[in-house]
Amino acid sequence: MTINHHPSDETLMRMAAGALGAGPALVVSVHLEGCAVCRNRIAHFEAVGGAILDEMSPAPLAADFFGRTMERLEVAQSLQTEGRATIKHPELGIELPRAMQHCEIGPWKWLGPGFKWSKVKIPGSPDEKVMLLKGRAGLHLPAHGHTGLEFMQILSGSLADERGQYFPGDLDEAGDDVDHRPVVGQESDCVCLAALEGDTRLHGLLGRLLRPIVGF
Ligand SMILES: [Zn+2]
């Protein structure tokens with residue numbers, strides 16, 4: 001499997017520094033589970049960060065700061081040795097990445113014709129805006145923009161927008177400069193894991209559709 005879309009270096013650095021919110025960090029963890037390129041990059045950023053800290057006088061912040069990173073890296077490393085095994089989720093009818101095994105995942109709910117969502121709860125981070133989205137083959141999603149970053153990892157099927165095509169393993173990071181209209185590939189339904197960072201809101205029809213139902 002070739003992965004063509006990766007998190008930005010800025011995102012990987014924030015992940016390495018433990019400075020990414022739990023929602024975006026979950027999406028990036030799922031990506032890391034399947035992407036050796038990004039696992040190596042984040043290990044590099046972590047090493048650089050450690051070297052910088054070594055040169056600084058000991059700060060109370062530092063220990064916990066990189067302690068959390070190490071926990072995350074250990075998770076990534078254990079995933080690396082265990083390969084790309086998935087966990088079955090019979091109720092949703094899909095297989096989920098191991099990085100999601102600690103999450104509480106709700107049932108599929110109707111969002112529009114051929115379009116469903118499922119709430120993903122991360123223990124200890126109830127306010128994170130994370131969801132699974134499922135679109136039927138060929139579905140045109142409403143055009144939308146974002147006030148901040150939207151992270152989306154493809155789990156199955158494919159999506160395309162003005163900027164490219166996204167297949168399983170790809171992570172799309174769309175900022176406030178991106179207005180897009182994703183279309184689900186014709187070959188099968190598409191399931192993806194999406195997170196909005198912080199106060200990010202969606203503009204346009206998708207935002208109006210999601211806000212009352214999802215609360216985002
Ligand atoms: Zn990657």
# chains A, B, ... in the order shown; residues from 1 in each chain; ligands from 1
call {"tool": "residues_near_ligand", "arguments": {"ligand": "ligand 1", "cutoff": "9 Å", "atoms": "only C-alpha atoms and all ligand atoms", "output": "VMD selection string"}}
result
chain A and resid 3 to 8 28 31 to 32 34 to 39 41 169 to 171
call {"tool": "residues_around", "arguments": {"residues": "stretch 123-125 of chain A", "least_positions_apart": "4", "cutoff": "8 Å", "atoms": "only C-alpha atoms", "output": "tab-separated table (two decimals) with N, CA, C and O atoms, in the first residue's frame"}}
result
chain	number	residue	atom	x	y	z
A	22	ALA	N	-6.40	15.79	21.90
A	22	ALA	CA	-6.63	14.34	21.88
A	22	ALA	C	-7.31	13.87	20.60
A	22	ALA	O	-7.03	12.77	20.11
A	102	HIS	N	-9.23	2.04	22.59
A	102	HIS	CA	-9.63	2.58	23.89
A	102	HIS	C	-10.83	3.53	23.77
A	102	HIS	O	-11.32	4.04	24.76
A	103	CYS	N	-11.28	3.78	22.55
A	103	CYS	CA	-12.37	4.74	22.33
A	103	CYS	C	-13.74	4.08	22.47
A	103	CYS	O	-13.89	2.89	22.24
A	104	GLU	N	-14.69	4.93	22.82
A	104	GLU	CA	-16.07	4.48	22.89
A	104	GLU	C	-16.73	4.92	21.58
A	104	GLU	O	-16.72	6.11	21.26
call {"tool": "select_by_dssp", "arguments": {"residues": "chain A", "states": "helix (DSSP H, G or I)", "output": "NGL selection string"}}
result
:A and (9-16 or 22-34 or 36-55 or 60-82 or 98-100 or 204-214)
call {"tool": "select_by_dssp", "arguments": {"residues": "chain A", "states": "strand (DSSP E or B)", "output": "ChimeraX atom specification"}}
result
/A:86-89,94-97,104-105,109-112,115-122,125,129-135,140,144,146,150-156,159-161,164-166,171-174,180,183-184,190-196,202
call {"tool": "closest_residue", "arguments": {"among": "A:Ala43, A:Met100, A:Val48, A:Leu111", "to": "A:Arg211", "atoms": "only C-alpha atoms"}}
result
A:Leu111
call {"tool": "atom_distance", "arguments": {"atom1": "atom CA of A:Phe151", "atom2": "atom CA of A:Ala25"}}
result
9.4 Å
call {"tool": "closest_residue", "arguments": {"among": "A:Thr2, A:Ala160, A:Glu33, A:Phe45", "to": "A:Arg14", "atoms": "only C-alpha atoms"}}
result
A:Phe45
call {"tool": "residues_around", "arguments": {"residues": "A:His89", "least_positions_apart": "6", "cutoff": "10 Å", "atoms": "only C-alpha atoms", "output": "PDB file with C-alpha atoms, in the first residue's frame"}}
result
ATOM      1  CA  GLU A  95     -12.784  -3.127  11.327  1.00  0.00           C
ATOM      2  CA  LEU A  96     -11.082  -0.402  13.309  1.00  0.00           C
ATOM      3  CA  GLN A 101      -9.361   0.397  20.764  1.00  0.00           C
ATOM      4  CA  ILE A 105     -17.771   4.309  19.516  1.00  0.00           C
TER       5      ILE A 105
END
call {"tool": "atom_distance", "arguments": {"atom1": "atom CA of A:Pro168", "atom2": "atom CA of A:Ala47"}}
result
28.9 Å
call {"tool": "closest_residue", "arguments": {"among": "A:Leu92, A:Gly18, A:Ala194, A:Gly175", "to": "A:Ile42", "atoms": "only C-alpha atoms"}}
result
A:Gly18
call {"tool": "closest_residue", "arguments": {"among": "A:Gly49, A:Glu55, A:His44, A:Val27", "to": "A:Met131", "atoms": "only C-alpha atoms"}}
result
A:Val27
call {"tool": "atom_distance", "arguments": {"atom1": "atom CA of A:Ser188", "atom2": "atom CA of A:Gly204"}}
result
26.2 Å
call {"tool": "closest_residue", "arguments": {"among": "A:Arg98, A:Lys109, A:His146, A:Arg163", "to": "A:Leu132", "atoms": "only C-alpha atoms"}}
result
A:Lys109
call {"tool": "decode", "arguments": {"residues": "stretch 71-153 of chain A", "atoms": "C-alpha atoms", "output": "tab-separated table (two decimals), in the first residue's frame"}}
result
chain	number	residue	atom	x	y	z
A	71	GLU	CA	4.01	7.16	26.10
A	72	ARG	CA	2.63	7.98	22.68
A	73	LEU	CA	5.76	6.72	20.94
A	74	GLU	CA	5.63	3.51	22.93
A	75	VAL	CA	2.09	3.04	21.69
A	76	ALA	CA	3.26	3.70	18.13
A	77	GLN	CA	6.17	1.31	18.56
A	78	SER	CA	4.06	-1.48	20.00
A	79	LEU	CA	1.76	-1.01	17.05
A	80	GLN	CA	4.73	-1.26	14.74
A	81	THR	CA	5.72	-4.64	16.12
A	82	GLU	CA	2.16	-5.91	16.04
A	83	GLY	CA	1.68	-4.93	12.42
A	84	ARG	CA	-1.50	-3.55	11.00
A	85	ALA	CA	-3.93	-5.76	12.89
A	86	THR	CA	-7.39	-4.31	13.29
A	87	ILE	CA	-10.14	-4.80	15.83
A	88	LYS	CA	-13.52	-5.95	14.64
A	89	HIS	CA	-16.55	-3.83	15.43
A	90	PRO	CA	-19.51	-6.07	14.56
A	91	GLU	CA	-22.17	-3.46	15.37
A	92	LEU	CA	-20.69	-0.95	12.94
A	93	GLY	CA	-19.84	-3.68	10.43
A	94	ILE	CA	-16.28	-2.43	10.05
A	95	GLU	CA	-12.78	-3.13	11.33
A	96	LEU	CA	-11.08	-0.40	13.31
A	97	PRO	CA	-7.40	0.44	13.74
A	98	ARG	CA	-5.85	-0.68	17.02
A	99	ALA	CA	-5.15	2.95	17.91
A	100	MET	CA	-8.91	3.33	18.40
A	101	GLN	CA	-9.36	0.40	20.76
A	102	HIS	CA	-9.63	2.58	23.89
A	103	CYS	CA	-12.37	4.74	22.33
A	104	GLU	CA	-16.07	4.48	22.89
A	105	ILE	CA	-17.77	4.31	19.52
A	106	GLY	CA	-21.45	5.03	19.00
A	107	PRO	CA	-23.83	3.44	16.49
A	108	TRP	CA	-24.19	4.71	12.94
A	109	LYS	CA	-26.62	7.61	12.74
A	110	TRP	CA	-28.26	9.14	9.70
A	111	LEU	CA	-26.75	12.39	8.50
A	112	GLY	CA	-28.15	12.64	5.00
A	113	PRO	CA	-29.01	10.36	2.09
A	114	GLY	CA	-26.20	7.77	1.88
A	115	PHE	CA	-24.30	9.57	4.64
A	116	LYS	CA	-23.85	8.35	8.23
A	117	TRP	CA	-21.78	9.28	11.23
A	118	SER	CA	-20.78	7.74	14.54
A	119	LYS	CA	-19.59	9.63	17.59
A	120	VAL	CA	-16.11	8.70	18.80
A	121	LYS	CA	-15.48	9.39	22.48
A	122	ILE	CA	-11.94	9.51	23.82
A	123	PRO	CA	-11.81	8.65	27.55
A	124	GLY	CA	-10.88	11.75	29.54
A	125	SER	CA	-11.44	14.10	26.57
A	126	PRO	CA	-15.24	14.38	26.22
A	127	ASP	CA	-15.18	17.67	24.30
A	128	GLU	CA	-13.06	16.49	21.38
A	129	LYS	CA	-14.81	16.70	18.02
A	130	VAL	CA	-14.13	13.25	16.61
A	131	MET	CA	-16.34	11.08	14.44
A	132	LEU	CA	-16.43	8.24	11.99
A	133	LEU	CA	-18.07	9.17	8.69
A	134	LYS	CA	-19.47	6.74	6.17
A	135	GLY	CA	-20.51	7.75	2.68
A	136	ARG	CA	-21.94	5.48	0.03
A	137	ALA	CA	-20.09	4.91	-3.24
A	138	GLY	CA	-20.33	7.94	-5.52
A	139	LEU	CA	-21.78	10.25	-2.87
A	140	HIS	CA	-21.05	13.96	-3.30
A	141	LEU	CA	-20.49	15.53	0.10
A	142	PRO	CA	-21.59	19.13	0.53
A	143	ALA	CA	-18.93	21.74	-0.23
A	144	HIS	CA	-17.44	23.14	2.95
A	145	GLY	CA	-14.66	25.18	4.49
A	146	HIS	CA	-13.28	25.24	8.03
A	147	THR	CA	-12.34	27.92	10.53
A	148	GLY	CA	-9.38	25.77	11.63
A	149	LEU	CA	-7.80	22.39	10.96
A	150	GLU	CA	-9.75	19.30	9.94
A	151	PHE	CA	-7.91	15.97	10.10
A	152	MET	CA	-9.25	13.01	8.17
A	153	GLN	CA	-7.82	9.51	7.89
